[in-house]
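Asks: Dropping a structure here in structure tokens format, bear with me for questions.
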Amino acid sequence: QAQVVESGGGSAQAGGSLRLSCAVSGAGYSTACMAWFRQAPGKQREGVAGISTRLGRTYYNSSVRGRFTISRDNAKNTVYLQMDSLKPEDTAMYYCAAARTGCLSGSWALIRENYNVWGQGTQVTVSS
């Protein structure tokens, strides 16, 4: 089974940028749907962005579209989340997740229950 480890979180000012990385080990990466989720205190975990590792198709929550970019480097088995124009409301714990299958649709890719492998999370804090 695959394992994922996130890195790259930290603090930024509003309007700034951060890049998160998700290193994937184990079988299944080449055909998996991968995604970033986030969870702020007192809120449910929500899908931020997803990507098909095989096809490179990307999917975004409307709240981050145009500001965040998900990408992958298949040679390194790594998925990235470039976060630009950060806002205080982006403050949350960010989690990388891997599904057993490829992304079946854009909405499918952002549903928490479709993922079976999760990282420990990395904190992102944006100050105003």
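Following the order of the structure tokens, chains are lettered A, B, ..., residues in each are numbered from 1, and ligands are numbered from 1.
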Could you give me, as a ChimeraX atom specification, each residue of chain A that DSSP assigns to alpha helix (DSSP H) when run on this structure's backbone?

Replies: /A:106-109

Asks: If we count only C-alpha atoms, what is near range 40-51 of chain A at a cut-off of 8 Å, once residues fewer than 2 positions away on the same chain are taken out, given as a ChimeraX atom specification?

Replies: /A:33-38,53,56-61,64,69-72,91-93,103,106,109-112

Asks: Restricting it to C-alpha atoms, dump the selection as a JSON list (two decimals), in the first residue's frame.

Replies:
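Output (again_21.json):
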[["chain", "number", "residue", "atom", "x", "y", "z"],
["A", 33, "CYS", "CA", -5.81, 10.01, -8.08],
["A", 34, "MET", "CA", -3.94, 12.27, -5.68],
["A", 35, "ALA", "CA", -5.33, 15.24, -3.83],
["A", 36, "TRP", "CA", -4.75, 17.89, -1.23],
["A", 37, "PHE", "CA", -7.30, 18.44, 1.50],
["A", 38, "ARG", "CA", -7.35, 20.94, 4.33],
["A", 53, "THR", "CA", -1.00, 11.11, -11.84],
["A", 56, "GLY", "CA", -2.11, 15.08, -15.38],
["A", 57, "ARG", "CA", -5.67, 16.38, -15.30],
["A", 58, "THR", "CA", -6.27, 18.77, -12.43],
["A", 59, "TYR", "CA", -9.31, 19.67, -10.36],
["A", 60, "TYR", "CA", -9.84, 22.56, -7.96],
["A", 61, "ASN", "CA", -12.15, 23.76, -5.27],
["A", 64, "VAL", "CA", -8.64, 28.25, -4.60],
["A", 69, "THR", "CA", -1.74, 24.97, -8.64],
["A", 70, "ILE", "CA", -1.44, 21.22, -8.19],
["A", 71, "SER", "CA", 1.21, 19.39, -10.17],
["A", 72, "ARG", "CA", 3.13, 16.14, -10.16],
["A", 91, "THR", "CA", -5.02, 28.79, 7.28],
["A", 92, "ALA", "CA", -5.47, 25.09, 7.99],
["A", 93, "MET", "CA", -3.78, 21.73, 8.32],
["A", 103, "CYS", "CA", -9.73, 10.30, -10.69],
["A", 106, "GLY", "CA", -13.60, 16.51, -10.95],
["A", 109, "ALA", "CA", -11.47, 13.92, -6.86],
["A", 110, "LEU", "CA", -12.41, 16.33, -4.06],
["A", 111, "ILE", "CA", -14.45, 13.92, -1.94],
["A", 112, "ARG", "CA", -12.69, 12.80, 1.19]]

Asks: By how many Å are CA of Gln3 in chain A and CA of Asn77 in chain A apart?

Replies: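 So the two atoms, CA of Gln3 in chain A and CA of Asn77 in chain A, lie 11.0 Å apart.
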
Asks: So, with only C-alpha atoms as the atoms that count, which of A:Asn116, A:Gln39, A:Gln123, A:Ser105 lies closest to Ser52 in chain A?

Replies: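 Selected residue with least distance to Ser52 in chain A: A:Ser105.
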
Asks: List as a list of chain:residue names the protein and nucleic acid residues near range 22-32 of chain A, meaning an atom at most 7 Å away when only C-alpha atoms are counted, but skip any in the same chain fewer than 5 places from it.

Replies: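 Skipping anything fewer than 5 positions along the chain leaves A:Gln1, A:Ala2, A:Gln3, A:Val4, A:Val5, A:Glu6, A:Ser7, A:Ser52, A:Thr53, A:Arg54, A:Asn77, A:Thr78, A:Val79, A:Tyr80, A:Cys96, A:Ala98, A:Ala99, A:Arg100, A:Thr101, A:Gly102.
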
Asks: Kindly export the residues of the current selection with all heavy atoms, as a compact mmCIF listing (two decimals), in the first residue's frame.

Replies:
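Saved to out25.txt:
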# COMPACT_ATOMS: atom_id res chain seq x y z
N GLN A 1 0.84 -1.19 0.00
CA GLN A 1 0.00 0.00 0.00
C GLN A 1 0.88 1.24 0.00
O GLN A 1 1.92 1.26 0.61
CB GLN A 1 -0.91 -0.01 1.23
CG GLN A 1 -1.77 1.23 1.35
CD GLN A 1 -2.92 1.07 2.30
OE1 GLN A 1 -3.74 0.16 2.13
NE2 GLN A 1 -3.00 1.93 3.28
N ALA A 2 0.40 2.26 -0.67
CA ALA A 2 1.16 3.51 -0.76
C ALA A 2 1.20 4.23 0.58
O ALA A 2 0.33 4.06 1.44
CB ALA A 2 0.53 4.42 -1.81
N GLN A 3 2.24 5.01 0.75
CA GLN A 3 2.35 5.91 1.90
C GLN A 3 2.65 7.30 1.36
O GLN A 3 3.33 7.44 0.34
CB GLN A 3 3.45 5.46 2.84
CG GLN A 3 3.15 4.14 3.55
CD GLN A 3 4.23 3.77 4.53
OE1 GLN A 3 5.41 3.95 4.27
NE2 GLN A 3 3.82 3.24 5.67
N VAL A 4 2.19 8.33 2.05
CA VAL A 4 2.43 9.70 1.62
C VAL A 4 2.96 10.50 2.79
O VAL A 4 2.52 10.32 3.93
CB VAL A 4 1.15 10.36 1.05
CG1 VAL A 4 0.65 9.58 -0.16
CG2 VAL A 4 0.06 10.45 2.09
N VAL A 5 3.90 11.40 2.50
CA VAL A 5 4.49 12.26 3.52
C VAL A 5 4.51 13.68 2.98
O VAL A 5 5.10 13.94 1.92
CB VAL A 5 5.91 11.81 3.86
CG1 VAL A 5 6.53 12.78 4.88
CG2 VAL A 5 5.92 10.40 4.41
N GLU A 6 3.87 14.59 3.73
CA GLU A 6 3.82 15.99 3.31
C GLU A 6 4.98 16.77 3.89
O GLU A 6 5.51 16.44 4.95
CB GLU A 6 2.51 16.66 3.78
CG GLU A 6 1.23 15.96 3.40
CD GLU A 6 0.71 15.08 4.51
OE1 GLU A 6 1.51 14.63 5.36
OE2 GLU A 6 -0.51 14.81 4.52
N SER A 7 5.32 17.85 3.21
CA SER A 7 6.31 18.79 3.72
C SER A 7 6.05 20.16 3.09
O SER A 7 5.30 20.26 2.11
CB SER A 7 7.74 18.33 3.40
OG SER A 7 7.94 18.25 2.01
N SER A 52 -4.77 13.72 -11.57
CA SER A 52 -4.57 12.37 -12.09
C SER A 52 -3.08 12.20 -12.35
O SER A 52 -2.51 12.90 -13.20
CB SER A 52 -5.36 12.21 -13.39
OG SER A 52 -4.91 11.06 -14.09
N THR A 53 -2.44 11.27 -11.65
CA THR A 53 -1.00 11.11 -11.84
C THR A 53 -0.69 10.57 -13.23
O THR A 53 0.37 10.82 -13.78
CB THR A 53 -0.40 10.17 -10.79
OG1 THR A 53 -1.12 8.94 -10.80
CG2 THR A 53 -0.48 10.78 -9.40
N ARG A 54 -1.62 9.83 -13.82
CA ARG A 54 -1.37 9.24 -15.14
C ARG A 54 -1.60 10.27 -16.25
O ARG A 54 -0.79 10.40 -17.16
CB ARG A 54 -2.27 8.03 -15.34
CG ARG A 54 -2.02 7.28 -16.65
CD ARG A 54 -2.79 5.97 -16.67
NE ARG A 54 -4.22 6.17 -16.73
CZ ARG A 54 -4.90 6.28 -17.86
NH1 ARG A 54 -4.28 6.22 -19.03
NH2 ARG A 54 -6.22 6.44 -17.84
N ASN A 77 7.86 10.62 -7.98
CA ASN A 77 6.68 10.18 -7.21
C ASN A 77 6.26 11.25 -6.21
O ASN A 77 6.02 10.98 -5.02
CB ASN A 77 6.97 8.87 -6.49
CG ASN A 77 6.85 7.67 -7.39
OD1 ASN A 77 6.84 7.81 -8.61
ND2 ASN A 77 6.77 6.50 -6.82
N THR A 78 6.16 12.47 -6.69
CA THR A 78 5.85 13.60 -5.81
C THR A 78 4.76 14.47 -6.42
O THR A 78 4.76 14.71 -7.63
CB THR A 78 7.12 14.44 -5.55
OG1 THR A 78 8.11 13.62 -4.96
CG2 THR A 78 6.81 15.60 -4.61
N VAL A 79 3.87 14.91 -5.56
CA VAL A 79 2.80 15.83 -5.94
C VAL A 79 3.03 17.13 -5.18
O VAL A 79 3.41 17.12 -4.01
CB VAL A 79 1.42 15.23 -5.60
CG1 VAL A 79 0.32 16.25 -5.86
CG2 VAL A 79 1.18 13.96 -6.41
N TYR A 80 2.78 18.24 -5.86
CA TYR A 80 3.01 19.56 -5.27
C TYR A 80 1.72 20.37 -5.22
O TYR A 80 0.80 20.16 -6.02
CB TYR A 80 4.04 20.33 -6.10
CG TYR A 80 5.35 19.62 -6.27
CD1 TYR A 80 5.62 18.88 -7.42
CD2 TYR A 80 6.32 19.69 -5.28
CE1 TYR A 80 6.82 18.22 -7.58
CE2 TYR A 80 7.54 19.03 -5.43
CZ TYR A 80 7.78 18.30 -6.58
OH TYR A 80 8.98 17.64 -6.73
N CYS A 96 -2.18 15.46 2.32
CA CYS A 96 -2.08 14.80 1.02
C CYS A 96 -2.77 13.45 1.12
O CYS A 96 -2.70 12.78 2.16
CB CYS A 96 -0.60 14.62 0.66
SG CYS A 96 -0.32 13.82 -0.93
N ALA A 98 -4.09 9.76 -1.24
CA ALA A 98 -4.01 8.93 -2.45
C ALA A 98 -5.20 8.01 -2.50
O ALA A 98 -5.60 7.44 -1.46
CB ALA A 98 -2.71 8.12 -2.44
N ALA A 99 -5.74 7.86 -3.69
CA ALA A 99 -6.87 6.96 -3.89
C ALA A 99 -6.40 5.66 -4.52
O ALA A 99 -5.33 5.60 -5.11
CB ALA A 99 -7.92 7.62 -4.77
N ARG A 100 -7.22 4.63 -4.43
CA ARG A 100 -6.87 3.34 -5.04
C ARG A 100 -7.00 3.39 -6.56
O ARG A 100 -6.37 2.60 -7.26
CB ARG A 100 -7.79 2.24 -4.51
CG ARG A 100 -7.55 1.83 -3.08
CD ARG A 100 -8.28 0.53 -2.79
NE ARG A 100 -8.11 0.12 -1.40
CZ ARG A 100 -8.95 0.40 -0.43
NH1 ARG A 100 -10.04 1.09 -0.69
NH2 ARG A 100 -8.72 -0.01 0.80
N THR A 101 -7.81 4.30 -7.06
CA THR A 101 -8.07 4.36 -8.49
C THR A 101 -7.66 5.72 -9.04
O THR A 101 -7.28 6.62 -8.29
CB THR A 101 -9.55 4.12 -8.79
OG1 THR A 101 -10.30 5.26 -8.32
CG2 THR A 101 -10.07 2.88 -8.09
N GLY A 102 -7.82 5.86 -10.35
CA GLY A 102 -7.63 7.16 -10.95
C GLY A 102 -8.80 8.07 -10.62
O GLY A 102 -9.80 7.65 -10.06

Asks: Nearest residue to Thr122 in chain A out of A:Tyr94, A:Lys76, A:Ser107, A:Arg19, using only C-alpha atoms?

Replies: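 Closest to Thr122 in chain A, using only C-alpha atoms: A:Tyr94.
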
Asks: Quick one: residues within 12 Å of Pro88 in chain A, only C-alpha atoms, excluding same-chain residues fewer than 5 positions away - as a list in words?

Replies: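 In the requested format, the answer is Ser11, Ala12, Gln13, Ala14, Gly15, Gly16, Ala40, Val124, Thr125, Val126, Ser127 and Ser128 of chain A.
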